[in-house]
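Student: Right, I'll just put the structure down here and ask away after.
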Amino acid sequence: MVEVKPNHLIKVKRNQVFAFTMLSLAAALTVLILLAIVIYVMSQGLSVISMEFLLDSPKSMGAEGGIYPAIVGTIYLVGLVILIAAPIGVGTAIYLNEYMPDGRFKSVLRFATELLAAIPSIVHGMFGFLFFVIALGDYTGGWSILSGALTGVVMILPIIIRASEEALRSVSNNLKEGSLALGTTRWYTIKKIVLPLAIPGITTSIILAIGRVIGETAAFLLTLGGSLLLATTVFDGARTLALHLYLVAMETGNTEMAFGTGAVLIVLILIINLAATGLFKLLVRRFSA
Amino acid sequence: MKFQKEKNNKSNIEEGIVKVILFIMALSSVISLGLITFFVFNEGLPFMINYGITDFIFGTTWNPTDQVYGIFPMIVGSVIVTVLAMLIGAPIGIAVAVYLVEIAPRRVAKIVKPAIQLLEGIPSVVIGLFGMVVIIDLLRRISRGPLSEYLPAGYQTGYSVLAGVLILAIMILPTIISISADSIRAVPQEYKEGSYAMGATKWQTIFRVVVPAAKSGILAAVILGVGRAIGETMAIIMVVGNSVQIPIPGWETLFAPVRTLTGNIALEMGYAGPEHRQALFATGIILFIFIIIINSLTLLLRRRRT
């Protein structure tokens with residue numbers, strides 16, 4: 001019989017209280033760091049933001065004036081990336097999940113996707129620079145929105161593939177088998193049964209991918225050209241808001257203007273995060289009804 | 001009946017076409033990966049071999065104007081910043097994951113989870129800008145004030161290893177938290193019940209049963225965090241000073257300005273001549289190899305688990 005000393009129990013209890021306090025402090029610290037960053041950037045940046053700031057062209061390398069070309073550049077780039085990456089990513093997920101038998105080739109594809117996701121964005125940028133900007137320069141316009149977008153596509157494909165696969169996997173097999181048992185083709189079942197049920201998850205993944213493109217800088221530093229002029233076609237050079245922030249902060253040293261751009265970025269990311277969760281709930285209600 | 005047959009044919013053709021298209025799409029990630037590997041190695045490897053692999057990796061001078069390309073200081077910079085950031089970020093991240101899954105009341109978790117998601121979404125340049133203004137200012141005051149007697153002049157700007165470490169520790173938190181939380185959540189309920197049945201307290205159960213059971217997932221989270229940290233570029237450039245030098249060993253290292261591998265590429269690619277550019281791609285190869293090693297480790301871990 002092991003004798004338990006009363007002191008021991010008190011010590012155990014005290015350890016638990018201490019440990020739980022430390023863990024809660026770690027969580028509190030994380031939230032505080034987030035708040036500190038968001039509040040600081042907003043408080044520094046909001047005073048800069050005005051209609052002129054949003055709708056004027058930059059002057060003296062962005063140290064004065066507005067950010068209109070960067071806003072337009074961001075919209076062009078995000079639009080083009082999603083237009084190309086969403087169908088390919090969702091298509092890949094459908095093929096992997098619905099058509100491809102398990103086996104070596106499938107694990108190779110999965111591993112390639114994972115490795116693609118792990119490659120640092122600056123390496124994506126180097127590749128984009130060499131391939132899209134230089135090798136295919138005659139077709140992409142060199143440093144251009146198109147070169148940046150194609151680089152961005154390679155970068156976010158893994159995100160869309162992985163999230164779409166998860167969404168497709170969550171559709172119950174019974175529904176699929178029921179539909180196939182009625183004599184429909186596989187594609188018909190996917191179109192009518194699987195995709196509608198997976199749409200909320202797929203949409204969320206695409207919205208989060210938009211956030212990733214908006215926040216990315218390293219890959220676009222080497223492919224977009226960083227032009228301050230207003231882009232009119234996808235063959236023009238451009239800069240995104242994030243790239244603009246970086247170039248203004250590092251090249252002009254005007255942190256006030258950089259904070260203005262930072263505040264706009266944070267508002268965008270907030271909207272995107274809210275939209276992702278909100279839209280998910282809305283679509284779930286709509287498609288499962 | 002004839003109509004029926006035609007319709008079947010049509011849908012079979014559609015089925016076939018769709019299958020082919022989807023198959024081609026599915027190859028996209030392999031093709032991209034192949035192209036990236038080919039282009040980066042094709043541009044960097046011949047240079048690296050010509051220049052001498054050991055001279056390139058262990059050379060301590062980087063001076064493109066004189067065709068001297070040694071990246072050892074950048075390797076040291078990347079490794080120091082990454083290791084120290086992990087020492088701070090990993091324990092905090094794992095602690096938050098344990099808190100979220102095992103302890104947090106539902107209402108608190110409802111605040112913490114979106115906060116972590118938001119932190120993950122904040123562009124790295126915004127975090128870098130925050131560091132460049134707030135953290136650099138703080139460190140500059142410390143290094144020019146109480147520590148000014150002990151630090152060389154070049155170490156007093158605030159742009160330093162420590163600034164990079166703090167920024168990186170913040171940036172890897174979401175990765176470590178979300179992956180460790182998944183693996184902690186996956187620990188079977190029976191393990192915990194067994195532990196409670198033995199009279200263990202909640203903390204004893206977490207510390208002795210849940211965390212050990214989730215060990216390989218937590219390790220994977222840390223390894224992915226390392227990958228994320230070593231690949232981070234923009235925020236790091238904004239706070240570490242970017243001077244190519246190997247820091248003085250000792251606590252002074254914390255205040256030394258350094259340059260990372262990623263920083264080297266991002267800062268110089270814009271104006272590099274042909275040979276210089278090849279040297280930068282060779283830098284990319286070193287980074288690439290780091291990432292492949294790190295990812296193979298996670299793959300091994302997963303094999304062992306199943």
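The chains in the structure tokens are called A, B, ... from first to last as shown; in each chain the residues are counted from 1, and the ligands are counted from 1 in the order shown.
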List as a PyMOL selection string the protein and nucleic acid residues near Glu98 of chain A, meaning an atom at most 10 Å away when only C-alpha atoms are counted, but skip any in the same chain fewer than 3 places from it.
Tutor: chain A and resi 92-95+101+165+168-169+176+186-187+190+194
Student: Using only C-alpha atoms, which chain A residues lie at most 6 Å away from chain B, written as a PyMOL selection string?
Tutor: chain A and resi 16+23+26-27+34+88+91-92+95+112-113+120+127+187+215+262
Student: Report as a PyMOL selection string: the residues of segment 59-251 of chain B with a DSSP assignment of strand (DSSP E or B), based on the backbone of this structure.
Tutor: chain B and resi 62-63+68-69+241
Student: Among the residues of segment 66-178 of chain A, find those DSSP assigns to alpha helix (DSSP H) from the backbone and print them as a short mmCIF file (atom, residue, chain, number, x, y, z; two decimals) with C-alpha atoms, in the first residue's frame.
Tutor:
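Below is the file out.cif, written as the result:
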```cif
data_model
loop_
_atom_site.label_atom_id
_atom_site.label_comp_id
_atom_site.auth_asym_id
_atom_site.auth_seq_id
_atom_site.Cartn_x
_atom_site.Cartn_y
_atom_site.Cartn_z
CA TYR A 68 -4.62 54.42 -56.07
CA PRO A 69 -2.33 52.52 -58.48
CA ALA A 70 -1.46 50.03 -55.73
CA ILE A 71 -5.17 49.42 -55.07
CA VAL A 72 -5.81 48.86 -58.77
CA GLY A 73 -2.72 46.64 -59.02
CA THR A 74 -3.90 44.53 -56.08
CA ILE A 75 -7.37 44.07 -57.59
CA TYR A 76 -5.99 43.09 -61.00
CA LEU A 77 -3.53 40.67 -59.49
CA VAL A 78 -5.95 39.01 -57.07
CA GLY A 79 -8.59 38.69 -59.80
CA LEU A 80 -6.22 37.09 -62.26
CA VAL A 81 -4.68 34.72 -59.72
CA ILE A 82 -8.06 33.45 -58.55
CA LEU A 83 -9.39 33.20 -62.10
CA ILE A 84 -6.57 30.80 -62.98
CA ALA A 85 -5.88 29.08 -59.67
CA ALA A 86 -9.44 28.36 -58.50
CA PRO A 87 -10.50 26.10 -61.41
CA ILE A 88 -7.16 24.28 -61.50
CA GLY A 89 -7.06 23.84 -57.72
CA VAL A 90 -10.66 22.64 -57.42
CA GLY A 91 -10.21 20.42 -60.50
CA THR A 92 -7.12 18.84 -58.97
CA ALA A 93 -8.95 18.23 -55.72
CA ILE A 94 -11.87 16.59 -57.57
CA ARG A 104 1.96 5.41 -55.43
CA PHE A 105 1.14 8.04 -58.07
CA LYS A 106 -1.42 9.61 -55.80
CA SER A 107 1.04 9.88 -52.91
CA VAL A 108 3.55 11.43 -55.28
CA LEU A 109 0.98 14.07 -56.28
CA ARG A 110 0.11 14.72 -52.63
CA PHE A 111 3.76 15.04 -51.63
CA ALA A 112 4.43 17.40 -54.53
CA THR A 113 1.54 19.57 -53.39
CA GLU A 114 2.88 19.62 -49.85
CA LEU A 115 6.39 20.50 -50.97
CA LEU A 116 5.01 23.22 -53.20
CA ALA A 117 3.29 24.68 -50.14
CA ALA A 118 6.51 24.52 -48.12
CA SER A 121 7.67 32.53 -51.33
CA ILE A 122 10.97 34.18 -52.23
CA VAL A 123 11.94 30.99 -54.09
CA HIS A 124 8.60 31.11 -55.91
CA GLY A 125 9.55 34.66 -56.77
CA MET A 126 12.97 33.64 -58.12
CA PHE A 127 11.34 31.00 -60.28
CA GLY A 128 8.70 33.43 -61.50
CA GLY A 137 8.96 37.75 -71.33
CA ASP A 138 7.75 38.17 -74.92
CA TYR A 139 4.35 36.81 -73.95
CA THR A 140 3.96 38.09 -70.39
CA ILE A 145 0.73 41.74 -63.57
CA LEU A 146 0.54 38.58 -65.67
CA SER A 147 4.00 37.38 -64.55
CA GLY A 148 3.14 38.16 -60.95
CA ALA A 149 -0.23 36.44 -61.23
CA LEU A 150 1.22 33.24 -62.71
CA THR A 151 3.78 33.17 -59.90
CA GLY A 152 0.96 33.73 -57.41
CA VAL A 153 -1.00 30.86 -58.95
CA VAL A 154 1.87 28.42 -58.33
CA MET A 155 2.10 29.73 -54.78
CA ILE A 156 -1.55 29.39 -53.77
CA LEU A 157 -2.47 26.24 -55.70
CA PRO A 158 -1.55 23.98 -52.77
CA ILE A 159 -3.78 25.99 -50.41
CA ILE A 160 -6.81 25.69 -52.67
CA ILE A 161 -6.14 22.02 -53.44
CA ARG A 162 -5.79 21.05 -49.80
CA ALA A 163 -8.83 22.96 -48.57
CA SER A 164 -11.02 21.79 -51.48
CA GLU A 165 -10.00 18.19 -50.88
CA GLU A 166 -11.04 18.56 -47.28
CA ALA A 167 -14.39 20.00 -48.35
CA LEU A 168 -14.95 17.17 -50.86
CA ARG A 169 -13.97 14.53 -48.32
CA ASN A 173 -20.15 8.45 -49.24
CA ASN A 174 -23.76 7.30 -48.86
CA LEU A 175 -24.99 10.22 -50.94
CA LYS A 176 -22.47 9.54 -53.69
CA GLU A 177 -23.19 5.83 -53.75
CA GLY A 178 -26.92 6.47 -53.76
#
```
Student: List as a list in words the protein and nucleic acid residues near Gly142 of chain A, meaning an atom at most 9 Å away when only C-alpha atoms are counted, but skip any in the same chain fewer than 5 places from it.
Tutor: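 Non-adjacent residues within range: Phe129, Phe132, Val133, Ile134, Ala135, Leu136, Gly137, Ser147, Thr223, Leu224, Gly225, Phe235, Asp236 and Gly237 of chain A.
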Student: Nearest to Arg259 of chain B among B:Gly225, B:Gly89, B:Pro73, B:Gly273, with distances taken over only C-alpha atoms: which residue is it?
Tutor: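 Nearest to Arg259 of chain B: B:Pro73.
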Student: Leaving out Val248 of chain A and any residue of its chain fewer than 4 positions from it, which residues lie within 10 Å of it when counting only C-alpha atoms, given as number ranges by chain?
Tutor: A: 60-64, 242-244, 252-259, 261
Student: Considering only C-alpha atoms, can you say which of B:Val240, B:Leu45, B:Ala220, B:Ala163 comes closest to Pro257 of chain B?
Tutor: B:Val240
Student: Got a sec: who's within 8 Å of Ser57 of chain A, counting only C-alpha atoms, leaving out chain neighbours fewer than 5 positions off, as a short mmCIF file (atom, residue, chain, number, x, y, z; two decimals) with C-alpha atoms, in the first residue's frame?
Tutor:
```cif
data_model
loop_
_atom_site.label_atom_id
_atom_site.label_comp_id
_atom_site.auth_asym_id
_atom_site.auth_seq_id
_atom_site.Cartn_x
_atom_site.Cartn_y
_atom_site.Cartn_z
CA GLY A 65 0.28 61.46 -52.52
CA GLY A 66 -1.98 58.43 -52.59
CA ILE A 67 -2.10 54.71 -53.22
CA TYR A 68 -4.62 54.42 -56.07
CA PRO A 69 -2.33 52.52 -58.48
CA LEU A 229 2.15 54.01 -62.75
CA LEU A 230 -1.48 53.05 -63.07
#
```
Student: Grab the atom CA of Ala238 of chain A to atom CA of Leu221 of chain A distance for me, in Å with one decimal place.
Tutor: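 Going from atom CA of Ala238 of chain A over to atom CA of Leu221 of chain A, I get 10.2 Å.
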Student: Which residues are near Thr157 of chain B? Cut-off 6 Å, only C-alpha atoms, ignore same chain within fewer than 2 positions. Put them as a PyMOL selection string.
Tutor: chain B and resi 140+155+159
